[in-house]
Every structure is written in structure tokens, then in C-alpha cells.
Amino acid sequence: MARAIGFLLLNVEAYGTYHVVNGGATTWHALAVEVFRQAGLEVEVEPITTDQYGALAPRPAYSVLDTTKYHALPGRPPMPTWQEGLREYLGRA
């Protein structure tokens, strides 16, 4: 992520709002499962629905950030998958 932000800061052609995230898409449940798996912890993670979570603000059934604008930039650093980004964040890269 830092490489992408640095690229945007130094690229005079790039202006405006950019969504930059790791590749792929996941759910909160799958993210939690992967965090524990990569940490080497055996934890049972039970999925729940958005309604069961009880957020005060309404949430869409499916939402991901549109990274088309970032990916259209020539010379941009590639983004790893979210699993690879998590591995790097946890220091297991």
C-alpha cells in the first residue's frame, strides 16, 4: 500500500481521489478466518449476517472499492492479493 501511495504522490499526472486496495475481494468472515490461519491459531469463526451484527447504519449486501482509476495509471506498482498483504502486515512475508 505504501508503494502505491508513494507512486501517487510523485506522479504529477495523478490527481483526484484514488481507491487503492489489495487485489481480490473477501468477506469479514473470510478475513477473520485468514487472519487466524496465518497467525497459526486454531479458532472457530462463526459467520453472521449483517442483520445479526446490528450496525446502526444500513449496509449494502455487496460492496468493494472500484480501483479502475488506479489500475489505468501507467507504471503503477502492482498490488498484491489481500492474502499476501495480510501476510506482509503480520510479518510473515
# chains A, B, ... in the order shown; residues from 1 in each chain; ligands from 1
$ residues_around --residues "stretch 22-29 of chain A" --least-positions-apart "4" --cutoff "10 Å" --atoms "only C-alpha atoms" --output "PyMOL selection string"
chain A and resi 1+33-35+45-49+62-65+67+78-86
$ write_last_selection --atoms "N, CA and C atoms" --output "PDB file, in the first residue's frame"
ATOM      1  N   MET A   1       0.822  -1.181   0.000  1.00  0.00           N
ATOM      2  CA  MET A   1       0.000   0.000   0.000  1.00  0.00           C
ATOM      3  C   MET A   1       0.870   1.250   0.000  1.00  0.00           C
ATOM      4  N   VAL A  33     -11.110 -15.526   9.330  1.00  0.00           N
ATOM      5  CA  VAL A  33     -10.602 -16.898   9.216  1.00  0.00           C
ATOM      6  C   VAL A  33      -9.148 -16.881   8.747  1.00  0.00           C
ATOM      7  N   GLU A  34      -8.847 -16.048   7.740  1.00  0.00           N
ATOM      8  CA  GLU A  34      -7.486 -15.984   7.193  1.00  0.00           C
ATOM      9  C   GLU A  34      -6.502 -15.374   8.190  1.00  0.00           C
ATOM     10  N   VAL A  35      -6.933 -14.391   8.960  1.00  0.00           N
ATOM     11  CA  VAL A  35      -6.062 -13.804   9.994  1.00  0.00           C
ATOM     12  C   VAL A  35      -5.633 -14.893  10.976  1.00  0.00           C
ATOM     13  N   VAL A  45     -14.485 -19.539  13.773  1.00  0.00           N
ATOM     14  CA  VAL A  45     -15.096 -18.249  13.476  1.00  0.00           C
ATOM     15  C   VAL A  45     -16.473 -18.516  12.889  1.00  0.00           C
ATOM     16  N   GLU A  46     -17.483 -18.045  13.563  1.00  0.00           N
ATOM     17  CA  GLU A  46     -18.855 -18.289  13.131  1.00  0.00           C
ATOM     18  C   GLU A  46     -19.362 -17.116  12.300  1.00  0.00           C
ATOM     19  N   PRO A  47     -19.808 -17.383  11.081  1.00  0.00           N
ATOM     20  CA  PRO A  47     -20.332 -16.282  10.262  1.00  0.00           C
ATOM     21  C   PRO A  47     -21.677 -15.795  10.801  1.00  0.00           C
ATOM     22  N   ILE A  48     -21.922 -14.499  10.624  1.00  0.00           N
ATOM     23  CA  ILE A  48     -23.219 -13.925  10.977  1.00  0.00           C
ATOM     24  C   ILE A  48     -23.684 -13.047   9.814  1.00  0.00           C
ATOM     25  N   THR A  49     -24.937 -12.744   9.799  1.00  0.00           N
ATOM     26  CA  THR A  49     -25.481 -11.868   8.773  1.00  0.00           C
ATOM     27  C   THR A  49     -25.297 -10.414   9.200  1.00  0.00           C
ATOM     28  N   TYR A  62     -23.386  -6.156  -0.886  1.00  0.00           N
ATOM     29  CA  TYR A  62     -22.077  -6.389  -1.510  1.00  0.00           C
ATOM     30  C   TYR A  62     -21.471  -5.039  -1.854  1.00  0.00           C
ATOM     31  N   SER A  63     -20.254  -4.803  -1.402  1.00  0.00           N
ATOM     32  CA  SER A  63     -19.583  -3.551  -1.778  1.00  0.00           C
ATOM     33  C   SER A  63     -18.073  -3.755  -1.767  1.00  0.00           C
ATOM     34  N   VAL A  64     -17.444  -3.336  -2.833  1.00  0.00           N
ATOM     35  CA  VAL A  64     -15.985  -3.327  -2.939  1.00  0.00           C
ATOM     36  C   VAL A  64     -15.591  -1.987  -3.562  1.00  0.00           C
ATOM     37  N   LEU A  65     -14.367  -1.561  -3.314  1.00  0.00           N
ATOM     38  CA  LEU A  65     -13.891  -0.309  -3.889  1.00  0.00           C
ATOM     39  C   LEU A  65     -13.535  -0.502  -5.358  1.00  0.00           C
ATOM     40  N   THR A  67     -11.177   0.162  -8.192  1.00  0.00           N
ATOM     41  CA  THR A  67      -9.774   0.562  -8.343  1.00  0.00           C
ATOM     42  C   THR A  67      -9.398   0.811  -9.800  1.00  0.00           C
ATOM     43  N   PRO A  78       2.136  -2.799  -8.881  1.00  0.00           N
ATOM     44  CA  PRO A  78       1.034  -3.752  -8.750  1.00  0.00           C
ATOM     45  C   PRO A  78       0.679  -3.947  -7.280  1.00  0.00           C
ATOM     46  N   MET A  79      -0.548  -4.260  -7.030  1.00  0.00           N
ATOM     47  CA  MET A  79      -0.993  -4.520  -5.663  1.00  0.00           C
ATOM     48  C   MET A  79      -1.064  -6.027  -5.440  1.00  0.00           C
ATOM     49  N   PRO A  80      -0.560  -6.495  -4.301  1.00  0.00           N
ATOM     50  CA  PRO A  80      -0.662  -7.927  -4.006  1.00  0.00           C
ATOM     51  C   PRO A  80      -2.109  -8.294  -3.669  1.00  0.00           C
ATOM     52  N   THR A  81      -2.383  -9.572  -3.601  1.00  0.00           N
ATOM     53  CA  THR A  81      -3.712 -10.004  -3.160  1.00  0.00           C
ATOM     54  C   THR A  81      -3.894  -9.604  -1.701  1.00  0.00           C
ATOM     55  N   TRP A  82      -5.122  -9.608  -1.251  1.00  0.00           N
ATOM     56  CA  TRP A  82      -5.362  -9.242   0.144  1.00  0.00           C
ATOM     57  C   TRP A  82      -4.709 -10.256   1.088  1.00  0.00           C
ATOM     58  N   GLN A  83      -4.618 -11.530   0.650  1.00  0.00           N
ATOM     59  CA  GLN A  83      -3.967 -12.545   1.486  1.00  0.00           C
ATOM     60  C   GLN A  83      -2.467 -12.250   1.612  1.00  0.00           C
ATOM     61  N   GLU A  84      -1.839 -11.851   0.495  1.00  0.00           N
ATOM     62  CA  GLU A  84      -0.417 -11.504   0.528  1.00  0.00           C
ATOM     63  C   GLU A  84      -0.190 -10.240   1.358  1.00  0.00           C
ATOM     64  N   GLY A  85      -1.090  -9.263   1.231  1.00  0.00           N
ATOM     65  CA  GLY A  85      -0.990  -8.041   2.029  1.00  0.00           C
ATOM     66  C   GLY A  85      -1.117  -8.336   3.510  1.00  0.00           C
ATOM     67  N   LEU A  86      -2.013  -9.231   3.864  1.00  0.00           N
ATOM     68  CA  LEU A  86      -2.181  -9.636   5.261  1.00  0.00           C
ATOM     69  C   LEU A  86      -0.926 -10.325   5.769  1.00  0.00           C
TER      70      LEU A  86
END
$ select_by_dssp --residues "chain A" --states "alpha helix (DSSP H)" --output "JSON list (two decimals) with N, CA and C atoms, in the first residue's frame"
[["chain", "number", "residue", "atom", "x", "y", "z"],
["A", 2, "ALA", "N", 1.92, 1.26, 0.79],
["A", 2, "ALA", "CA", 2.81, 2.43, 0.86],
["A", 2, "ALA", "C", 3.44, 2.72, -0.50],
["A", 3, "ARG", "N", 3.79, 1.66, -1.25],
["A", 3, "ARG", "CA", 4.36, 1.87, -2.59],
["A", 3, "ARG", "C", 3.37, 2.57, -3.50],
["A", 4, "ALA", "N", 2.11, 2.19, -3.43],
["A", 4, "ALA", "CA", 1.08, 2.81, -4.27],
["A", 4, "ALA", "C", 0.87, 4.27, -3.87],
["A", 5, "ILE", "N", 0.84, 4.55, -2.60],
["A", 5, "ILE", "CA", 0.66, 5.93, -2.14],
["A", 5, "ILE", "C", 1.85, 6.79, -2.55],
["A", 6, "GLY", "N", 3.05, 6.26, -2.39],
["A", 6, "GLY", "CA", 4.25, 6.98, -2.83],
["A", 6, "GLY", "C", 4.21, 7.26, -4.31],
["A", 7, "PHE", "N", 3.78, 6.29, -5.09],
["A", 7, "PHE", "CA", 3.67, 6.47, -6.54],
["A", 7, "PHE", "C", 2.68, 7.60, -6.86],
["A", 8, "LEU", "N", 1.54, 7.61, -6.21],
["A", 8, "LEU", "CA", 0.54, 8.65, -6.47],
["A", 8, "LEU", "C", 1.07, 10.03, -6.07],
["A", 9, "LEU", "N", 1.80, 10.11, -4.97],
["A", 9, "LEU", "CA", 2.35, 11.39, -4.53],
["A", 9, "LEU", "C", 3.37, 11.95, -5.51],
["A", 10, "LEU", "N", 4.15, 11.06, -6.13],
["A", 10, "LEU", "CA", 5.22, 11.50, -7.03],
["A", 10, "LEU", "C", 4.79, 11.60, -8.49],
["A", 28, "TRP", "N", -15.99, -10.18, 5.72],
["A", 28, "TRP", "CA", -15.40, -10.01, 7.06],
["A", 28, "TRP", "C", -15.11, -11.38, 7.68],
["A", 29, "HIS", "N", -16.00, -12.34, 7.44],
["A", 29, "HIS", "CA", -15.80, -13.68, 7.99],
["A", 29, "HIS", "C", -14.55, -14.33, 7.41],
["A", 30, "ALA", "N", -14.41, -14.30, 6.08],
["A", 30, "ALA", "CA", -13.25, -14.92, 5.44],
["A", 30, "ALA", "C", -11.96, -14.21, 5.86],
["A", 31, "LEU", "N", -12.01, -12.90, 6.04],
["A", 31, "LEU", "CA", -10.84, -12.16, 6.52],
["A", 31, "LEU", "C", -10.44, -12.65, 7.91],
["A", 32, "ALA", "N", -11.40, -12.77, 8.80],
["A", 32, "ALA", "CA", -11.11, -13.23, 10.15],
["A", 32, "ALA", "C", -10.52, -14.64, 10.14],
["A", 33, "VAL", "N", -11.11, -15.53, 9.33],
["A", 33, "VAL", "CA", -10.60, -16.90, 9.22],
["A", 33, "VAL", "C", -9.15, -16.88, 8.75],
["A", 34, "GLU", "N", -8.85, -16.05, 7.74],
["A", 34, "GLU", "CA", -7.49, -15.98, 7.19],
["A", 34, "GLU", "C", -6.50, -15.37, 8.19],
["A", 35, "VAL", "N", -6.93, -14.39, 8.96],
["A", 35, "VAL", "CA", -6.06, -13.80, 9.99],
["A", 35, "VAL", "C", -5.63, -14.89, 10.98],
["A", 36, "PHE", "N", -6.58, -15.64, 11.48],
["A", 36, "PHE", "CA", -6.25, -16.69, 12.45],
["A", 36, "PHE", "C", -5.42, -17.80, 11.81],
["A", 37, "ARG", "N", -5.72, -18.16, 10.55],
["A", 37, "ARG", "CA", -4.96, -19.20, 9.87],
["A", 37, "ARG", "C", -3.50, -18.78, 9.73],
["A", 38, "GLN", "N", -3.28, -17.54, 9.24],
["A", 38, "GLN", "CA", -1.92, -17.07, 9.05],
["A", 38, "GLN", "C", -1.18, -16.89, 10.37],
["A", 50, "THR", "N", -25.47, -9.52, 8.26],
["A", 50, "THR", "CA", -25.40, -8.09, 8.57],
["A", 50, "THR", "C", -26.47, -7.72, 9.59],
["A", 51, "ASP", "N", -27.64, -8.30, 9.46],
["A", 51, "ASP", "CA", -28.71, -8.03, 10.43],
["A", 51, "ASP", "C", -28.33, -8.48, 11.84],
["A", 52, "GLN", "N", -27.67, -9.64, 11.94],
["A", 52, "GLN", "CA", -27.23, -10.13, 13.25],
["A", 52, "GLN", "C", -26.16, -9.23, 13.85],
["A", 53, "TYR", "N", -25.35, -8.60, 13.02],
["A", 53, "TYR", "CA", -24.30, -7.69, 13.50],
["A", 53, "TYR", "C", -24.93, -6.47, 14.17],
["A", 68, "THR", "N", -10.39, 0.95, -10.67],
["A", 68, "THR", "CA", -10.14, 1.13, -12.10],
["A", 68, "THR", "C", -9.23, 2.33, -12.38],
["A", 69, "LYS", "N", -9.46, 3.44, -11.70],
["A", 69, "LYS", "CA", -8.68, 4.66, -11.94],
["A", 69, "LYS", "C", -7.20, 4.43, -11.62],
["A", 70, "TYR", "N", -6.92, 3.76, -10.50],
["A", 70, "TYR", "CA", -5.52, 3.46, -10.14],
["A", 70, "TYR", "C", -4.90, 2.52, -11.16],
["A", 71, "HIS", "N", -5.61, 1.47, -11.54],
["A", 71, "HIS", "CA", -5.06, 0.47, -12.45],
["A", 71, "HIS", "C", -4.86, 0.99, -13.87],
["A", 82, "TRP", "N", -5.12, -9.61, -1.25],
["A", 82, "TRP", "CA", -5.36, -9.24, 0.14],
["A", 82, "TRP", "C", -4.71, -10.26, 1.09],
["A", 83, "GLN", "N", -4.62, -11.53, 0.65],
["A", 83, "GLN", "CA", -3.97, -12.54, 1.49],
["A", 83, "GLN", "C", -2.47, -12.25, 1.61],
["A", 84, "GLU", "N", -1.84, -11.85, 0.49],
["A", 84, "GLU", "CA", -0.42, -11.50, 0.53],
["A", 84, "GLU", "C", -0.19, -10.24, 1.36],
["A", 85, "GLY", "N", -1.09, -9.26, 1.23],
["A", 85, "GLY", "CA", -0.99, -8.04, 2.03],
["A", 85, "GLY", "C", -1.12, -8.34, 3.51],
["A", 86, "LEU", "N", -2.01, -9.23, 3.86],
["A", 86, "LEU", "CA", -2.18, -9.64, 5.26],
["A", 86, "LEU", "C", -0.93, -10.32, 5.77],
["A", 87, "ARG", "N", -0.36, -11.21, 4.95],
["A", 87, "ARG", "CA", 0.88, -11.91, 5.32],
["A", 87, "ARG", "C", 2.00, -10.90, 5.59],
["A", 88, "GLU", "N", 2.13, -9.90, 4.71],
["A", 88, "GLU", "CA", 3.14, -8.87, 4.89],
["A", 88, "GLU", "C", 2.88, -8.07, 6.17],
["A", 89, "TYR", "N", 1.62, -7.71, 6.41],
["A", 89, "TYR", "CA", 1.25, -6.96, 7.60],
["A", 89, "TYR", "C", 1.57, -7.74, 8.86]]
$ closest_residue --among "A:Leu73, A:Ala61, A:Val43, A:Ala55" --to "A:Val12" --atoms "only C-alpha atoms"
A:Leu73
$ atom_distance --atom1 "atom CA of A:Pro77" --atom2 "atom CA of A:Ala14"
13.4 Å
$ atom_distance --atom1 "atom CA of A:Glu42" --atom2 "atom CA of A:Val21"
27.5 Å
$ atom_distance --atom1 "atom CA of A:Gly40" --atom2 "atom CA of A:Leu90"
11.2 Å
$ decode --residues "stretch 73-86 of chain A" --atoms "all heavy atoms" --output "PDB file, in the first residue's frame"
ATOM      1  N   LEU A  73      -3.354   3.813 -14.484  1.00  0.00           N
ATOM      2  CA  LEU A  73      -2.130   4.619 -14.492  1.00  0.00           C
ATOM      3  C   LEU A  73      -0.949   3.810 -15.018  1.00  0.00           C
ATOM      4  O   LEU A  73      -0.685   2.713 -14.525  1.00  0.00           O
ATOM      5  CB  LEU A  73      -1.802   5.110 -13.076  1.00  0.00           C
ATOM      6  CG  LEU A  73      -2.771   6.111 -12.468  1.00  0.00           C
ATOM      7  CD1 LEU A  73      -2.423   6.349 -11.005  1.00  0.00           C
ATOM      8  CD2 LEU A  73      -2.742   7.419 -13.242  1.00  0.00           C
ATOM      9  N   PRO A  74      -0.230   4.349 -15.994  1.00  0.00           N
ATOM     10  CA  PRO A  74       0.958   3.633 -16.480  1.00  0.00           C
ATOM     11  C   PRO A  74       2.073   3.664 -15.438  1.00  0.00           C
ATOM     12  O   PRO A  74       2.268   4.662 -14.751  1.00  0.00           O
ATOM     13  CB  PRO A  74       1.353   4.418 -17.738  1.00  0.00           C
ATOM     14  CG  PRO A  74       0.717   5.763 -17.591  1.00  0.00           C
ATOM     15  CD  PRO A  74      -0.482   5.595 -16.719  1.00  0.00           C
ATOM     16  N   GLY A  75       2.765   2.544 -15.302  1.00  0.00           N
ATOM     17  CA  GLY A  75       3.905   2.465 -14.390  1.00  0.00           C
ATOM     18  C   GLY A  75       3.541   2.305 -12.929  1.00  0.00           C
ATOM     19  O   GLY A  75       4.407   2.342 -12.060  1.00  0.00           O
ATOM     20  N   ARG A  76       2.269   2.118 -12.630  1.00  0.00           N
ATOM     21  CA  ARG A  76       1.849   1.981 -11.230  1.00  0.00           C
ATOM     22  C   ARG A  76       2.370   0.678 -10.642  1.00  0.00           C
ATOM     23  O   ARG A  76       2.458  -0.335 -11.338  1.00  0.00           O
ATOM     24  CB  ARG A  76       0.338   2.028 -11.132  1.00  0.00           C
ATOM     25  CG  ARG A  76      -0.287   0.909 -11.952  1.00  0.00           C
ATOM     26  CD  ARG A  76      -1.584   0.429 -11.441  1.00  0.00           C
ATOM     27  NE  ARG A  76      -2.143  -0.552 -12.336  1.00  0.00           N
ATOM     28  CZ  ARG A  76      -1.790  -1.838 -12.361  1.00  0.00           C
ATOM     29  NH1 ARG A  76      -0.874  -2.280 -11.553  1.00  0.00           N
ATOM     30  NH2 ARG A  76      -2.357  -2.673 -13.193  1.00  0.00           N
ATOM     31  N   PRO A  77       2.712   0.681  -9.349  1.00  0.00           N
ATOM     32  CA  PRO A  77       3.120  -0.570  -8.710  1.00  0.00           C
ATOM     33  C   PRO A  77       1.924  -1.529  -8.613  1.00  0.00           C
ATOM     34  O   PRO A  77       0.817  -1.091  -8.322  1.00  0.00           O
ATOM     35  CB  PRO A  77       3.558  -0.160  -7.305  1.00  0.00           C
ATOM     36  CG  PRO A  77       3.595   1.318  -7.291  1.00  0.00           C
ATOM     37  CD  PRO A  77       2.806   1.813  -8.456  1.00  0.00           C
ATOM     38  N   PRO A  78       2.136  -2.799  -8.881  1.00  0.00           N
ATOM     39  CA  PRO A  78       1.034  -3.752  -8.750  1.00  0.00           C
ATOM     40  C   PRO A  78       0.679  -3.947  -7.280  1.00  0.00           C
ATOM     41  O   PRO A  78       1.530  -3.789  -6.396  1.00  0.00           O
ATOM     42  CB  PRO A  78       1.588  -5.034  -9.353  1.00  0.00           C
ATOM     43  CG  PRO A  78       3.064  -4.910  -9.207  1.00  0.00           C
ATOM     44  CD  PRO A  78       3.382  -3.446  -9.296  1.00  0.00           C
ATOM     45  N   MET A  79      -0.548  -4.260  -7.030  1.00  0.00           N
ATOM     46  CA  MET A  79      -0.993  -4.520  -5.663  1.00  0.00           C
ATOM     47  C   MET A  79      -1.064  -6.027  -5.440  1.00  0.00           C
ATOM     48  O   MET A  79      -1.587  -6.749  -6.291  1.00  0.00           O
ATOM     49  CB  MET A  79      -2.367  -3.888  -5.417  1.00  0.00           C
ATOM     50  CG  MET A  79      -2.371  -2.368  -5.507  1.00  0.00           C
ATOM     51  SD  MET A  79      -1.256  -1.569  -4.335  1.00  0.00           S
ATOM     52  CE  MET A  79      -2.002  -2.033  -2.790  1.00  0.00           C
ATOM     53  N   PRO A  80      -0.560  -6.495  -4.301  1.00  0.00           N
ATOM     54  CA  PRO A  80      -0.662  -7.927  -4.006  1.00  0.00           C
ATOM     55  C   PRO A  80      -2.109  -8.294  -3.669  1.00  0.00           C
ATOM     56  O   PRO A  80      -2.949  -7.416  -3.457  1.00  0.00           O
ATOM     57  CB  PRO A  80       0.240  -8.091  -2.782  1.00  0.00           C
ATOM     58  CG  PRO A  80       0.220  -6.750  -2.121  1.00  0.00           C
ATOM     59  CD  PRO A  80       0.083  -5.742  -3.233  1.00  0.00           C
ATOM     60  N   THR A  81      -2.383  -9.572  -3.601  1.00  0.00           N
ATOM     61  CA  THR A  81      -3.712 -10.004  -3.160  1.00  0.00           C
ATOM     62  C   THR A  81      -3.894  -9.604  -1.701  1.00  0.00           C
ATOM     63  O   THR A  81      -2.922  -9.333  -0.987  1.00  0.00           O
ATOM     64  CB  THR A  81      -3.868 -11.531  -3.268  1.00  0.00           C
ATOM     65  OG1 THR A  81      -2.969 -12.158  -2.344  1.00  0.00           O
ATOM     66  CG2 THR A  81      -3.627 -12.017  -4.693  1.00  0.00           C
ATOM     67  N   TRP A  82      -5.122  -9.608  -1.251  1.00  0.00           N
ATOM     68  CA  TRP A  82      -5.362  -9.242   0.144  1.00  0.00           C
ATOM     69  C   TRP A  82      -4.709 -10.256   1.088  1.00  0.00           C
ATOM     70  O   TRP A  82      -4.244  -9.893   2.157  1.00  0.00           O
ATOM     71  CB  TRP A  82      -6.853  -9.058   0.425  1.00  0.00           C
ATOM     72  CG  TRP A  82      -7.703 -10.298   0.332  1.00  0.00           C
ATOM     73  CD1 TRP A  82      -8.384 -10.747  -0.759  1.00  0.00           C
ATOM     74  CD2 TRP A  82      -7.957 -11.240   1.373  1.00  0.00           C
ATOM     75  NE1 TRP A  82      -9.044 -11.910  -0.467  1.00  0.00           N
ATOM     76  CE2 TRP A  82      -8.804 -12.236   0.839  1.00  0.00           C
ATOM     77  CE3 TRP A  82      -7.567 -11.347   2.701  1.00  0.00           C
ATOM     78  CZ2 TRP A  82      -9.263 -13.313   1.588  1.00  0.00           C
ATOM     79  CZ3 TRP A  82      -8.018 -12.422   3.448  1.00  0.00           C
ATOM     80  CH2 TRP A  82      -8.855 -13.396   2.892  1.00  0.00           C
ATOM     81  N   GLN A  83      -4.618 -11.530   0.650  1.00  0.00           N
ATOM     82  CA  GLN A  83      -3.967 -12.545   1.486  1.00  0.00           C
ATOM     83  C   GLN A  83      -2.467 -12.250   1.612  1.00  0.00           C
ATOM     84  O   GLN A  83      -1.892 -12.387   2.694  1.00  0.00           O
ATOM     85  CB  GLN A  83      -4.171 -13.950   0.918  1.00  0.00           C
ATOM     86  CG  GLN A  83      -5.610 -14.418   0.898  1.00  0.00           C
ATOM     87  CD  GLN A  83      -6.309 -14.144  -0.420  1.00  0.00           C
ATOM     88  OE1 GLN A  83      -5.985 -13.196  -1.132  1.00  0.00           O
ATOM     89  NE2 GLN A  83      -7.290 -14.980  -0.758  1.00  0.00           N
ATOM     90  N   GLU A  84      -1.839 -11.851   0.495  1.00  0.00           N
ATOM     91  CA  GLU A  84      -0.417 -11.504   0.528  1.00  0.00           C
ATOM     92  C   GLU A  84      -0.190 -10.240   1.358  1.00  0.00           C
ATOM     93  O   GLU A  84       0.780 -10.155   2.116  1.00  0.00           O
ATOM     94  CB  GLU A  84       0.113 -11.298  -0.887  1.00  0.00           C
ATOM     95  CG  GLU A  84       0.140 -12.557  -1.712  1.00  0.00           C
ATOM     96  CD  GLU A  84       0.330 -12.288  -3.202  1.00  0.00           C
ATOM     97  OE1 GLU A  84      -0.030 -11.200  -3.684  1.00  0.00           O
ATOM     98  OE2 GLU A  84       0.853 -13.195  -3.878  1.00  0.00           O
ATOM     99  N   GLY A  85      -1.090  -9.263   1.231  1.00  0.00           N
ATOM    100  CA  GLY A  85      -0.990  -8.041   2.029  1.00  0.00           C
ATOM    101  C   GLY A  85      -1.117  -8.336   3.510  1.00  0.00           C
ATOM    102  O   GLY A  85      -0.392  -7.773   4.335  1.00  0.00           O
ATOM    103  N   LEU A  86      -2.013  -9.231   3.864  1.00  0.00           N
ATOM    104  CA  LEU A  86      -2.181  -9.636   5.261  1.00  0.00           C
ATOM    105  C   LEU A  86      -0.926 -10.325   5.769  1.00  0.00           C
ATOM    106  O   LEU A  86      -0.450 -10.046   6.875  1.00  0.00           O
ATOM    107  CB  LEU A  86      -3.395 -10.556   5.400  1.00  0.00           C
ATOM    108  CG  LEU A  86      -3.671 -11.113   6.790  1.00  0.00           C
ATOM    109  CD1 LEU A  86      -3.924  -9.997   7.791  1.00  0.00           C
ATOM    110  CD2 LEU A  86      -4.850 -12.077   6.736  1.00  0.00           C
TER     111      LEU A  86
END
